[in-house]
>>> print(open('run.pdb').read())   # PDB, N, CA and C atoms
ATOM      1  N   MET O  10       1.576  14.554  -1.030
ATOM      2  CA  MET O  10       2.252  13.453  -0.366
ATOM      3  C   MET O  10       1.931  13.489   1.128
ATOM      4  N   VAL O  11       1.946  12.301   1.708
ATOM      5  CA  VAL O  11       1.698  12.196   3.145
ATOM      6  C   VAL O  11       2.780  11.338   3.792
ATOM      7  N   LEU O  12       3.025  11.620   5.054
ATOM      8  CA  LEU O  12       3.996  10.880   5.847
ATOM      9  C   LEU O  12       3.258  10.179   6.973
ATOM     10  N   ARG O  13       3.561   8.926   7.185
ATOM     11  CA  ARG O  13       2.937   8.140   8.254
ATOM     12  C   ARG O  13       4.028   7.690   9.208
ATOM     13  N   LEU O  14       3.762   7.818  10.506
ATOM     14  CA  LEU O  14       4.684   7.413  11.557
ATOM     15  C   LEU O  14       3.985   6.402  12.448
ATOM     16  N   VAL O  15       4.621   5.251  12.676
ATOM     17  CA  VAL O  15       4.109   4.260  13.634
ATOM     18  C   VAL O  15       5.229   3.914  14.594
ATOM     19  N   LEU O  16       4.867   3.723  15.877
ATOM     20  CA  LEU O  16       5.871   3.457  16.896
ATOM     21  C   LEU O  16       5.296   2.536  17.965
ATOM     22  N   TRP O  17       6.040   1.463  18.262
ATOM     23  CA  TRP O  17       5.666   0.504  19.295
ATOM     24  C   TRP O  17       6.642   0.585  20.464
ATOM     25  N   ASN O  18       6.151   0.269  21.653
ATOM     26  CA  ASN O  18       6.989   0.008  22.812
ATOM     27  C   ASN O  18       7.040  -1.515  22.931
ATOM     28  N   LEU O  19       8.218  -2.096  22.832
ATOM     29  CA  LEU O  19       8.356  -3.556  22.843
ATOM     30  C   LEU O  19       8.502  -4.149  24.235
ATOM     31  N   ALA O  20       8.548  -3.318  25.265
ATOM     32  CA  ALA O  20       8.802  -3.805  26.627
ATOM     33  C   ALA O  20       7.809  -4.890  27.041
ATOM     34  N   ASP O  21       6.561  -4.770  26.644
ATOM     35  CA  ASP O  21       5.553  -5.764  27.014
ATOM     36  C   ASP O  21       5.010  -6.497  25.783
ATOM     37  N   SER O  22       5.881  -6.722  24.809
ATOM     38  CA  SER O  22       5.442  -7.354  23.559
ATOM     39  C   SER O  22       5.882  -8.813  23.499
ATOM     40  N   LYS O  23       5.535  -9.476  22.391
ATOM     41  CA  LYS O  23       5.878 -10.874  22.177
ATOM     42  C   LYS O  23       7.225 -11.055  21.473
ATOM     43  N   THR O  24       7.945  -9.965  21.162
ATOM     44  CA  THR O  24       9.167 -10.069  20.371
ATOM     45  C   THR O  24      10.217  -9.082  20.855
ATOM     46  N   ASN O  25      11.325  -9.026  20.134
ATOM     47  CA  ASN O  25      12.389  -8.073  20.461
ATOM     48  C   ASN O  25      12.983  -7.516  19.175
ATOM     49  N   ILE O  26      13.874  -6.562  19.299
ATOM     50  CA  ILE O  26      14.431  -5.898  18.120
ATOM     51  C   ILE O  26      15.230  -6.874  17.251
ATOM     52  N   GLY O  27      15.955  -7.795  17.853
ATOM     53  CA  GLY O  27      16.711  -8.777  17.075
ATOM     54  C   GLY O  27      15.815  -9.615  16.168
ATOM     55  N   GLU O  28      14.696 -10.078  16.688
ATOM     56  CA  GLU O  28      13.754 -10.855  15.877
ATOM     57  C   GLU O  28      13.143  -9.995  14.778
ATOM     58  N   LEU O  29      12.848  -8.746  15.087
ATOM     59  CA  LEU O  29      12.275  -7.864  14.083
ATOM     60  C   LEU O  29      13.282  -7.531  12.978
ATOM     61  N   ARG O  30      14.559  -7.452  13.311
ATOM     62  CA  ARG O  30      15.591  -7.257  12.285
ATOM     63  C   ARG O  30      15.633  -8.450  11.326
ATOM     64  N   ARG O  31      15.520  -9.662  11.854
ATOM     65  CA  ARG O  31      15.477 -10.848  10.984
ATOM     66  C   ARG O  31      14.264 -10.787  10.061
ATOM     67  N   TYR O  32      13.137 -10.361  10.601
ATOM     68  CA  TYR O  32      11.921 -10.197   9.786
ATOM     69  C   TYR O  32      12.168  -9.214   8.638
ATOM     70  N   LEU O  33      12.881  -8.115   8.900
ATOM     71  CA  LEU O  33      13.206  -7.161   7.840
ATOM     72  C   LEU O  33      14.033  -7.821   6.753
ATOM     73  N   ARG O  34      15.118  -8.476   7.142
ATOM     74  CA  ARG O  34      16.017  -9.114   6.167
ATOM     75  C   ARG O  34      15.319 -10.201   5.358
ATOM     76  N   ASP O  35      14.538 -11.026   6.039
ATOM     77  CA  ASP O  35      13.962 -12.208   5.396
ATOM     78  C   ASP O  35      12.685 -11.950   4.625
ATOM     79  N   GLU O  36      11.981 -10.880   4.945
ATOM     80  CA  GLU O  36      10.624 -10.734   4.414
ATOM     81  C   GLU O  36      10.234  -9.306   4.058
ATOM     82  N   ALA O  37      10.311  -8.402   4.992
ATOM     83  CA  ALA O  37       9.661  -7.098   4.853
ATOM     84  C   ALA O  37      10.271  -6.193   3.798
ATOM     85  N   VAL O  38      11.588  -6.097   3.757
ATOM     86  CA  VAL O  38      12.207  -5.145   2.830
ATOM     87  C   VAL O  38      11.825  -5.470   1.387
ATOM     88  N   ASP O  39      11.921  -6.723   0.992
ATOM     89  CA  ASP O  39      11.544  -7.101  -0.371
ATOM     90  C   ASP O  39      10.068  -6.842  -0.642
ATOM     91  N   ALA O  40       9.212  -7.197   0.308
ATOM     92  CA  ALA O  40       7.769  -7.017   0.120
ATOM     93  C   ALA O  40       7.402  -5.545  -0.051
ATOM     94  N   PHE O  41       7.996  -4.676   0.746
ATOM     95  CA  PHE O  41       7.648  -3.260   0.666
ATOM     96  C   PHE O  41       8.210  -2.588  -0.574
ATOM     97  N   GLY O  42       9.216  -3.171  -1.190
ATOM     98  CA  GLY O  42       9.739  -2.639  -2.435
ATOM     99  C   GLY O  42       8.767  -2.732  -3.589
ATOM    100  N   GLU O  43       7.693  -3.489  -3.428
ATOM    101  CA  GLU O  43       6.700  -3.689  -4.485
ATOM    102  C   GLU O  43       5.389  -2.934  -4.255
ATOM    103  N   ILE O  44       5.300  -2.102  -3.237
ATOM    104  CA  ILE O  44       4.046  -1.438  -2.877
ATOM    105  C   ILE O  44       3.811  -0.219  -3.775
ATOM    106  N   PRO O  45       2.701  -0.188  -4.500
ATOM    107  CA  PRO O  45       2.401   0.987  -5.323
ATOM    108  C   PRO O  45       2.131   2.217  -4.453
ATOM    109  N   GLY O  46       2.714   3.329  -4.842
ATOM    110  CA  GLY O  46       2.469   4.587  -4.136
ATOM    111  C   GLY O  46       3.369   4.840  -2.945
ATOM    112  N   LEU O  47       4.174   3.848  -2.537
ATOM    113  CA  LEU O  47       5.106   4.031  -1.429
ATOM    114  C   LEU O  47       6.412   4.576  -1.990
ATOM    115  N   ARG O  48       6.750   5.798  -1.642
ATOM    116  CA  ARG O  48       7.973   6.431  -2.133
ATOM    117  C   ARG O  48       9.185   6.079  -1.283
ATOM    118  N   PHE O  49       8.968   5.876   0.035
ATOM    119  CA  PHE O  49      10.081   5.631   0.943
ATOM    120  C   PHE O  49       9.536   5.013   2.220
ATOM    121  N   LYS O  50      10.284   4.071   2.772
ATOM    122  CA  LYS O  50       9.964   3.551   4.094
ATOM    123  C   LYS O  50      11.271   3.314   4.828
ATOM    124  N   ALA O  51      11.325   3.747   6.084
ATOM    125  CA  ALA O  51      12.472   3.492   6.951
ATOM    126  C   ALA O  51      11.957   2.884   8.238
ATOM    127  N   TRP O  52      12.549   1.761   8.622
ATOM    128  CA  TRP O  52      12.241   1.153   9.911
ATOM    129  C   TRP O  52      13.204   1.750  10.923
ATOM    130  N   ILE O  53      12.718   2.023  12.125
ATOM    131  CA  ILE O  53      13.529   2.682  13.148
ATOM    132  C   ILE O  53      13.459   1.896  14.455
ATOM    133  N   SER O  54      14.524   2.037  15.264
ATOM    134  CA  SER O  54      14.523   1.360  16.558
ATOM    135  C   SER O  54      15.380   2.131  17.548
ATOM    136  N   ASP O  55      15.129   1.851  18.824
ATOM    137  CA  ASP O  55      15.958   2.347  19.917
ATOM    138  C   ASP O  55      16.023   1.220  20.939
ATOM    139  N   GLU O  56      17.130   0.484  20.924
ATOM    140  CA  GLU O  56      17.246  -0.674  21.817
ATOM    141  C   GLU O  56      17.192  -0.280  23.285
ATOM    142  N   ALA O  57      17.754   0.872  23.643
ATOM    143  CA  ALA O  57      17.781   1.303  25.049
ATOM    144  C   ALA O  57      16.379   1.499  25.613
ATOM    145  N   THR O  58      15.451   1.991  24.792
ATOM    146  CA  THR O  58      14.086   2.228  25.267
ATOM    147  C   THR O  58      13.092   1.192  24.744
ATOM    148  N   GLU O  59      13.615   0.181  24.026
ATOM    149  CA  GLU O  59      12.791  -0.893  23.471
ATOM    150  C   GLU O  59      11.661  -0.362  22.585
ATOM    151  N   ARG O  60      12.008   0.556  21.703
ATOM    152  CA  ARG O  60      11.013   1.081  20.755
ATOM    153  C   ARG O  60      11.358   0.649  19.340
ATOM    154  N   TRP O  61      10.314   0.467  18.551
ATOM    155  CA  TRP O  61      10.415   0.008  17.163
ATOM    156  C   TRP O  61       9.333   0.724  16.369
ATOM    157  N   GLY O  62       9.643   1.080  15.153
ATOM    158  CA  GLY O  62       8.622   1.733  14.350
ATOM    159  C   GLY O  62       9.041   1.888  12.912
ATOM    160  N   ALA O  63       8.296   2.739  12.214
ATOM    161  CA  ALA O  63       8.565   2.987  10.804
ATOM    162  C   ALA O  63       8.058   4.361  10.409
ATOM    163  N   VAL O  64       8.704   4.882   9.379
ATOM    164  CA  VAL O  64       8.299   6.138   8.759
ATOM    165  C   VAL O  64       8.041   5.824   7.286
ATOM    166  N   TYR O  65       6.879   6.205   6.804
ATOM    167  CA  TYR O  65       6.494   5.966   5.416
ATOM    168  C   TYR O  65       6.281   7.310   4.718
ATOM    169  N   LEU O  66       6.669   7.383   3.461
ATOM    170  CA  LEU O  66       6.339   8.533   2.623
ATOM    171  C   LEU O  66       5.516   8.019   1.456
ATOM    172  N   TRP O  67       4.279   8.491   1.382
ATOM    173  CA  TRP O  67       3.319   8.019   0.387
ATOM    174  C   TRP O  67       3.043   9.093  -0.656
ATOM    175  N   GLU O  68       2.750   8.673  -1.877
ATOM    176  CA  GLU O  68       2.410   9.602  -2.952
ATOM    177  C   GLU O  68       1.068  10.289  -2.715
ATOM    178  N   SER O  69       0.166   9.624  -2.002
ATOM    179  CA  SER O  69      -1.163  10.189  -1.780
ATOM    180  C   SER O  69      -1.788   9.591  -0.526
ATOM    181  N   ALA O  70      -2.833  10.244  -0.042
ATOM    182  CA  ALA O  70      -3.570   9.715   1.113
ATOM    183  C   ALA O  70      -4.211   8.377   0.762
ATOM    184  N   GLU O  71      -4.673   8.236  -0.480
ATOM    185  CA  GLU O  71      -5.287   6.984  -0.909
ATOM    186  C   GLU O  71      -4.278   5.838  -0.865
ATOM    187  N   ALA O  72      -3.068   6.090  -1.338
ATOM    188  CA  ALA O  72      -2.033   5.054  -1.302
ATOM    189  C   ALA O  72      -1.710   4.652   0.130
ATOM    190  N   ALA O  73      -1.714   5.617   1.043
ATOM    191  CA  ALA O  73      -1.382   5.357   2.447
ATOM    192  C   ALA O  73      -2.433   4.505   3.142
ATOM    193  N   GLU O  74      -3.622   4.414   2.588
ATOM    194  CA  GLU O  74      -4.712   3.669   3.216
ATOM    195  C   GLU O  74      -4.775   2.204   2.788
ATOM    196  N   GLN O  75      -3.957   1.791   1.844
ATOM    197  CA  GLN O  75      -4.044   0.411   1.350
ATOM    198  C   GLN O  75      -3.541  -0.593   2.394
ATOM    199  N   GLU O  76      -3.993  -1.817   2.268
ATOM    200  CA  GLU O  76      -3.535  -2.875   3.166
ATOM    201  C   GLU O  76      -2.107  -3.241   2.804
ATOM    202  N   LEU O  77      -1.280  -3.438   3.813
ATOM    203  CA  LEU O  77       0.142  -3.665   3.593
ATOM    204  C   LEU O  77       0.546  -5.100   3.891
ATOM    205  N   PRO O  78       1.570  -5.609   3.179
ATOM    206  CA  PRO O  78       2.060  -6.972   3.425
ATOM    207  C   PRO O  78       3.029  -6.974   4.596
ATOM    208  N   SER O  79       2.507  -6.747   5.761
ATOM    209  CA  SER O  79       3.374  -6.548   6.909
ATOM    210  C   SER O  79       2.844  -7.319   8.110
ATOM    211  N   ARG O  80       3.753  -7.864   8.910
ATOM    212  CA  ARG O  80       3.338  -8.668  10.060
ATOM    213  C   ARG O  80       3.744  -8.106  11.411
ATOM    214  N   PRO O  81       4.168  -6.857  11.541
ATOM    215  CA  PRO O  81       4.606  -6.399  12.866
ATOM    216  C   PRO O  81       3.554  -6.541  13.958
ATOM    217  N   ARG O  82       2.301  -6.237  13.657
ATOM    218  CA  ARG O  82       1.274  -6.370  14.696
ATOM    219  C   ARG O  82       1.185  -7.810  15.199
ATOM    220  N   GLU O  83       1.306  -8.755  14.282
ATOM    221  CA  GLU O  83       1.282 -10.175  14.665
ATOM    222  C   GLU O  83       2.526 -10.543  15.474
ATOM    223  N   LEU O  84       3.695 -10.116  15.011
ATOM    224  CA  LEU O  84       4.942 -10.450  15.704
ATOM    225  C   LEU O  84       5.029  -9.768  17.065
ATOM    226  N   ILE O  85       4.597  -8.511  17.134
ATOM    227  CA  ILE O  85       4.683  -7.738  18.372
ATOM    228  C   ILE O  85       3.532  -8.074  19.313
ATOM    229  N   GLY O  86       2.378  -8.396  18.736
ATOM    230  CA  GLY O  86       1.236  -8.801  19.543
ATOM    231  C   GLY O  86       0.306  -7.681  19.948
ATOM    232  N   LYS O  87       0.452  -6.517  19.321
ATOM    233  CA  LYS O  87      -0.435  -5.394  19.651
ATOM    234  C   LYS O  87      -0.310  -4.314  18.575
ATOM    235  N   ASP O  88      -1.244  -3.386  18.586
ATOM    236  CA  ASP O  88      -1.179  -2.240  17.693
ATOM    237  C   ASP O  88      -0.116  -1.261  18.195
ATOM    238  N   PRO O  89       0.390  -0.409  17.314
ATOM    239  CA  PRO O  89       1.389   0.566  17.767
ATOM    240  C   PRO O  89       0.802   1.574  18.751
ATOM    241  N   GLU O  90       1.648   2.055  19.654
ATOM    242  CA  GLU O  90       1.213   3.106  20.584
ATOM    243  C   GLU O  90       1.000   4.427  19.855
ATOM    244  N   ILE O  91       1.784   4.650  18.812
ATOM    245  CA  ILE O  91       1.639   5.860  17.996
ATOM    246  C   ILE O  91       1.425   5.435  16.564
ATOM    247  N   GLY O  92       0.428   5.989  15.939
ATOM    248  CA  GLY O  92       0.149   5.774  14.520
ATOM    249  C   GLY O  92      -0.499   7.036  13.987
ATOM    250  N   GLU O  93       0.288   7.887  13.352
ATOM    251  CA  GLU O  93      -0.222   9.187  12.916
ATOM    252  C   GLU O  93       0.181   9.471  11.481
ATOM    253  N   THR O  94      -0.657  10.225  10.794
ATOM    254  CA  THR O  94      -0.415  10.625   9.415
ATOM    255  C   THR O  94      -0.331  12.144   9.345
ATOM    256  N   PHE O  95       0.629  12.620   8.565
ATOM    257  CA  PHE O  95       0.870  14.056   8.433
ATOM    258  C   PHE O  95       0.907  14.446   6.964
ATOM    259  N   ASP O  96       0.521  15.683   6.665
ATOM    260  CA  ASP O  96       0.740  16.236   5.332
ATOM    261  C   ASP O  96       2.216  16.570   5.193
ATOM    262  N   LEU O  97       2.771  16.334   4.024
ATOM    263  CA  LEU O  97       4.169  16.656   3.776
ATOM    264  C   LEU O  97       4.273  18.109   3.337
ATOM    265  N   GLU O  98       5.045  18.886   4.029
ATOM    266  CA  GLU O  98       5.209  20.310   3.726
ATOM    267  C   GLU O  98       6.326  20.570   2.722
ATOM    268  N   ALA O  99       7.432  19.861   2.823
ATOM    269  CA  ALA O  99       8.555  20.079   1.914
ATOM    270  C   ALA O  99       9.527  18.917   2.029
ATOM    271  N   THR O 100      10.328  18.710   1.012
ATOM    272  CA  THR O 100      11.400  17.716   1.050
ATOM    273  C   THR O 100      12.677  18.333   0.490
ATOM    274  N   VAL O 101      13.778  17.707   0.806
ATOM    275  CA  VAL O 101      15.068  18.085   0.238
ATOM    276  C   VAL O 101      15.955  16.845   0.249
ATOM    277  N   GLU O 102      16.777  16.700  -0.750
ATOM    278  CA  GLU O 102      17.803  15.670  -0.735
ATOM    279  C   GLU O 102      19.125  16.385  -0.576
ATOM    280  N   GLY O 103      19.838  16.052   0.480
ATOM    281  CA  GLY O 103      21.135  16.669   0.722
ATOM    282  C   GLY O 103      22.220  16.039  -0.123
ATOM    283  N   ARG O 104      23.423  16.449   0.111
ATOM    284  CA  ARG O 104      24.576  15.860  -0.572
ATOM    285  C   ARG O 104      24.954  14.577   0.148
ATOM    286  N   PHE O 105      25.246  13.547  -0.606
ATOM    287  CA  PHE O 105      25.522  12.263   0.012
ATOM    288  C   PHE O 105      26.497  11.470  -0.830
ATOM    289  N   GLU O 106      27.155  10.516  -0.199
ATOM    290  CA  GLU O 106      28.110   9.657  -0.892
ATOM    291  C   GLU O 106      27.518   8.307  -1.257
ATOM    292  N   ILE O 107      26.506   7.864  -0.517
ATOM    293  CA  ILE O 107      25.868   6.578  -0.788
ATOM    294  C   ILE O 107      24.905   6.765  -1.951
ATOM    295  N   GLU O 108      25.034   5.926  -2.974
ATOM    296  CA  GLU O 108      24.215   6.088  -4.166
ATOM    297  C   GLU O 108      22.780   5.603  -3.989
ATOM    298  N   GLU O 109      22.580   4.566  -3.207
ATOM    299  CA  GLU O 109      21.252   3.981  -3.066
ATOM    300  C   GLU O 109      20.908   3.803  -1.599
ATOM    301  N   LEU O 110      19.659   4.077  -1.248
ATOM    302  CA  LEU O 110      19.212   3.938   0.134
ATOM    303  C   LEU O 110      18.755   2.525   0.479
ATOM    304  N   SER O 111      18.388   1.732  -0.513
ATOM    305  CA  SER O 111      17.864   0.396  -0.240
ATOM    306  C   SER O 111      18.883  -0.491   0.442
ATOM    307  N   ARG O 112      18.407  -1.257   1.412
ATOM    308  CA  ARG O 112      19.186  -2.263   2.135
ATOM    309  C   ARG O 112      20.326  -1.679   2.953
ATOM    310  N   LEU O 113      20.110  -0.514   3.523
ATOM    311  CA  LEU O 113      21.032   0.077   4.483
ATOM    312  C   LEU O 113      20.485  -0.143   5.880
ATOM    313  N   GLY O 114      21.331  -0.126   6.901
ATOM    314  CA  GLY O 114      20.875  -0.164   8.276
ATOM    315  C   GLY O 114      21.329  -1.407   9.025
ATOM    316  N   LEU O 115      21.030  -1.408  10.312
ATOM    317  CA  LEU O 115      21.480  -2.452  11.221
ATOM    318  C   LEU O 115      21.003  -3.857  10.821
ATOM    319  N   ALA O 116      19.826  -3.955  10.242
ATOM    320  CA  ALA O 116      19.301  -5.272   9.862
ATOM    321  C   ALA O 116      20.183  -5.950   8.824
ATOM    322  N   PHE O 117      20.935  -5.175   8.040
ATOM    323  CA  PHE O 117      21.781  -5.743   7.001
ATOM    324  C   PHE O 117      23.265  -5.752   7.353
ATOM    325  N   GLU O 118      23.594  -5.322   8.567
ATOM    326  CA  GLU O 118      24.996  -5.301   8.996
ATOM    327  C   GLU O 118      25.418  -6.595   9.672
ATOM    328  N   SER O 119      24.464  -7.399  10.125
ATOM    329  CA  SER O 119      24.846  -8.626  10.827
ATOM    330  C   SER O 119      24.848  -9.824   9.913
TER     331      SER O 119
END
>>> encode(input="run.pdb", output="structure tokens")
Amino acid sequence: MVLRLVLWNLADSKTNIGELRRYLRDEAVDAFGEIPGLRFKAWISDEATERWGAVYLWESAEAAEQELPSRPRELIGKDPEIGETFDLEATVEGRFEIEELSRLGLAFES
């Protein structure tokens, strides 16, 4: 398994975190639920520093290389400042009360 991290600085971009949250609700979350080989994806943000990104967990390096149904580069207007892939060393699932991870987060709270 491999983990991919992408991170943008939105300070000089064409969009903002609010618009990107709408994109998640309206388009991205459903589209990424259908990607073969994608085990997990979390979108991340920090409004104070105007950063936006994602963490992906892929079943294989080959799966991580496929073209994705995603428009952040178009919406943001540039490639991410950070885009790195790592080998996965270990995983663990802790104890939790929430049964499902899908559709959690700020994009679904408003």
>>> select_by_dssp(input="run.pdb", residues="chain O", states="strand (DSSP E)", output="ChimeraX atom specification")
/O:11-18,47-55,60-67,91-96
>>> residues_around(input="run.pdb", residues="range 64-76 of chain O", least_positions_apart="6", cutoff="7 Å", atoms="only C-alpha atoms", output="count of residues only")
13
>>> resolve_selection(input="run.pdb", expression="the PyMOL selection byres ((chain O and resi 22-36) around 8)", output="ChimeraX atom specification")
/O:18-21,37-41,54-56,59-61,78-79,81,83-87,115-117
>>> atom_distance(input="run.pdb", atom1="CA of Leu77 in chain O", atom2="CA of Asp96 in chain O")
20.0 Å
>>> select_by_dssp(input="run.pdb", residues="range 23-117 of chain O", states="helix (DSSP H, G or I)", output="PyMOL selection string")
chain O and resi 26-41+56-58+70-73+81-85+115-117
>>> write_last_selection(input="run.pdb", atoms="N, CA and C atoms", output="mmCIF file, keeping the file's coordinate frame")
data_model
loop_
_atom_site.group_PDB
_atom_site.id
_atom_site.type_symbol
_atom_site.label_atom_id
_atom_site.label_comp_id
_atom_site.auth_asym_id
_atom_site.auth_seq_id
_atom_site.Cartn_x
_atom_site.Cartn_y
_atom_site.Cartn_z
ATOM 1 N N ILE O 26 13.874 -6.562 19.299
ATOM 2 C CA ILE O 26 14.431 -5.898 18.120
ATOM 3 C C ILE O 26 15.230 -6.874 17.251
ATOM 4 N N GLY O 27 15.955 -7.795 17.853
ATOM 5 C CA GLY O 27 16.711 -8.777 17.075
ATOM 6 C C GLY O 27 15.815 -9.615 16.168
ATOM 7 N N GLU O 28 14.696 -10.078 16.688
ATOM 8 C CA GLU O 28 13.754 -10.855 15.877
ATOM 9 C C GLU O 28 13.143 -9.995 14.778
ATOM 10 N N LEU O 29 12.848 -8.746 15.087
ATOM 11 C CA LEU O 29 12.275 -7.864 14.083
ATOM 12 C C LEU O 29 13.282 -7.531 12.978
ATOM 13 N N ARG O 30 14.559 -7.452 13.311
ATOM 14 C CA ARG O 30 15.591 -7.257 12.285
ATOM 15 C C ARG O 30 15.633 -8.450 11.326
ATOM 16 N N ARG O 31 15.520 -9.662 11.854
ATOM 17 C CA ARG O 31 15.477 -10.848 10.984
ATOM 18 C C ARG O 31 14.264 -10.787 10.061
ATOM 19 N N TYR O 32 13.137 -10.361 10.601
ATOM 20 C CA TYR O 32 11.921 -10.197 9.786
ATOM 21 C C TYR O 32 12.168 -9.214 8.638
ATOM 22 N N LEU O 33 12.881 -8.115 8.900
ATOM 23 C CA LEU O 33 13.206 -7.161 7.840
ATOM 24 C C LEU O 33 14.033 -7.821 6.753
ATOM 25 N N ARG O 34 15.118 -8.476 7.142
ATOM 26 C CA ARG O 34 16.017 -9.114 6.167
ATOM 27 C C ARG O 34 15.319 -10.201 5.358
ATOM 28 N N ASP O 35 14.538 -11.026 6.039
ATOM 29 C CA ASP O 35 13.962 -12.208 5.396
ATOM 30 C C ASP O 35 12.685 -11.950 4.625
ATOM 31 N N GLU O 36 11.981 -10.880 4.945
ATOM 32 C CA GLU O 36 10.624 -10.734 4.414
ATOM 33 C C GLU O 36 10.234 -9.306 4.058
ATOM 34 N N ALA O 37 10.311 -8.402 4.992
ATOM 35 C CA ALA O 37 9.661 -7.098 4.853
ATOM 36 C C ALA O 37 10.271 -6.193 3.798
ATOM 37 N N VAL O 38 11.588 -6.097 3.757
ATOM 38 C CA VAL O 38 12.207 -5.145 2.830
ATOM 39 C C VAL O 38 11.825 -5.470 1.387
ATOM 40 N N ASP O 39 11.921 -6.723 0.992
ATOM 41 C CA ASP O 39 11.544 -7.101 -0.371
ATOM 42 C C ASP O 39 10.068 -6.842 -0.642
ATOM 43 N N ALA O 40 9.212 -7.197 0.308
ATOM 44 C CA ALA O 40 7.769 -7.017 0.120
ATOM 45 C C ALA O 40 7.402 -5.545 -0.051
ATOM 46 N N PHE O 41 7.996 -4.676 0.746
ATOM 47 C CA PHE O 41 7.648 -3.260 0.666
ATOM 48 C C PHE O 41 8.210 -2.588 -0.574
ATOM 49 N N GLU O 56 17.130 0.484 20.924
ATOM 50 C CA GLU O 56 17.246 -0.674 21.817
ATOM 51 C C GLU O 56 17.192 -0.280 23.285
ATOM 52 N N ALA O 57 17.754 0.872 23.643
ATOM 53 C CA ALA O 57 17.781 1.303 25.049
ATOM 54 C C ALA O 57 16.379 1.499 25.613
ATOM 55 N N THR O 58 15.451 1.991 24.792
ATOM 56 C CA THR O 58 14.086 2.228 25.267
ATOM 57 C C THR O 58 13.092 1.192 24.744
ATOM 58 N N ALA O 70 -2.833 10.244 -0.042
ATOM 59 C CA ALA O 70 -3.570 9.715 1.113
ATOM 60 C C ALA O 70 -4.211 8.377 0.762
ATOM 61 N N GLU O 71 -4.673 8.236 -0.480
ATOM 62 C CA GLU O 71 -5.287 6.984 -0.909
ATOM 63 C C GLU O 71 -4.278 5.838 -0.865
ATOM 64 N N ALA O 72 -3.068 6.090 -1.338
ATOM 65 C CA ALA O 72 -2.033 5.054 -1.302
ATOM 66 C C ALA O 72 -1.710 4.652 0.130
ATOM 67 N N ALA O 73 -1.714 5.617 1.043
ATOM 68 C CA ALA O 73 -1.382 5.357 2.447
ATOM 69 C C ALA O 73 -2.433 4.505 3.142
ATOM 70 N N PRO O 81 4.168 -6.857 11.541
ATOM 71 C CA PRO O 81 4.606 -6.399 12.866
ATOM 72 C C PRO O 81 3.554 -6.541 13.958
ATOM 73 N N ARG O 82 2.301 -6.237 13.657
ATOM 74 C CA ARG O 82 1.274 -6.370 14.696
ATOM 75 C C ARG O 82 1.185 -7.810 15.199
ATOM 76 N N GLU O 83 1.306 -8.755 14.282
ATOM 77 C CA GLU O 83 1.282 -10.175 14.665
ATOM 78 C C GLU O 83 2.526 -10.543 15.474
ATOM 79 N N LEU O 84 3.695 -10.116 15.011
ATOM 80 C CA LEU O 84 4.942 -10.450 15.704
ATOM 81 C C LEU O 84 5.029 -9.768 17.065
ATOM 82 N N ILE O 85 4.597 -8.511 17.134
ATOM 83 C CA ILE O 85 4.683 -7.738 18.372
ATOM 84 C C ILE O 85 3.532 -8.074 19.313
ATOM 85 N N LEU O 115 21.030 -1.408 10.312
ATOM 86 C CA LEU O 115 21.480 -2.452 11.221
ATOM 87 C C LEU O 115 21.003 -3.857 10.821
ATOM 88 N N ALA O 116 19.826 -3.955 10.242
ATOM 89 C CA ALA O 116 19.301 -5.272 9.862
ATOM 90 C C ALA O 116 20.183 -5.950 8.824
ATOM 91 N N PHE O 117 20.935 -5.175 8.040
ATOM 92 C CA PHE O 117 21.781 -5.743 7.001
ATOM 93 C C PHE O 117 23.265 -5.752 7.353
#
>>> resolve_selection(input="run.pdb", expression="the PyMOL selection byres (((chain O and resi 92 and name CA) around 7) and name CA)", output="list in words")
Leu14, Val15, Leu16, Pro89, Glu90, Ile91 and Glu93 of chain O
>>> atom_distance(input="run.pdb", atom1="atom N of Thr94 in chain O", atom2="atom N of Ala63 in chain O")
11.8 Å
>>> atom_distance(input="run.pdb", atom1="CA of Ile53 in chain O", atom2="CA of Glu118 in chain O")
14.6 Å
>>> axis_aligned_box(input="run.pdb", around="range 80-90 of chain O", padding_each_side="3 Å", output="lines of an AutoDock Vina configuration file")
center_x = 1.9
center_y = -3.1
center_z = 14.7
size_x = 12.3
size_y = 21.0
size_z = 17.7
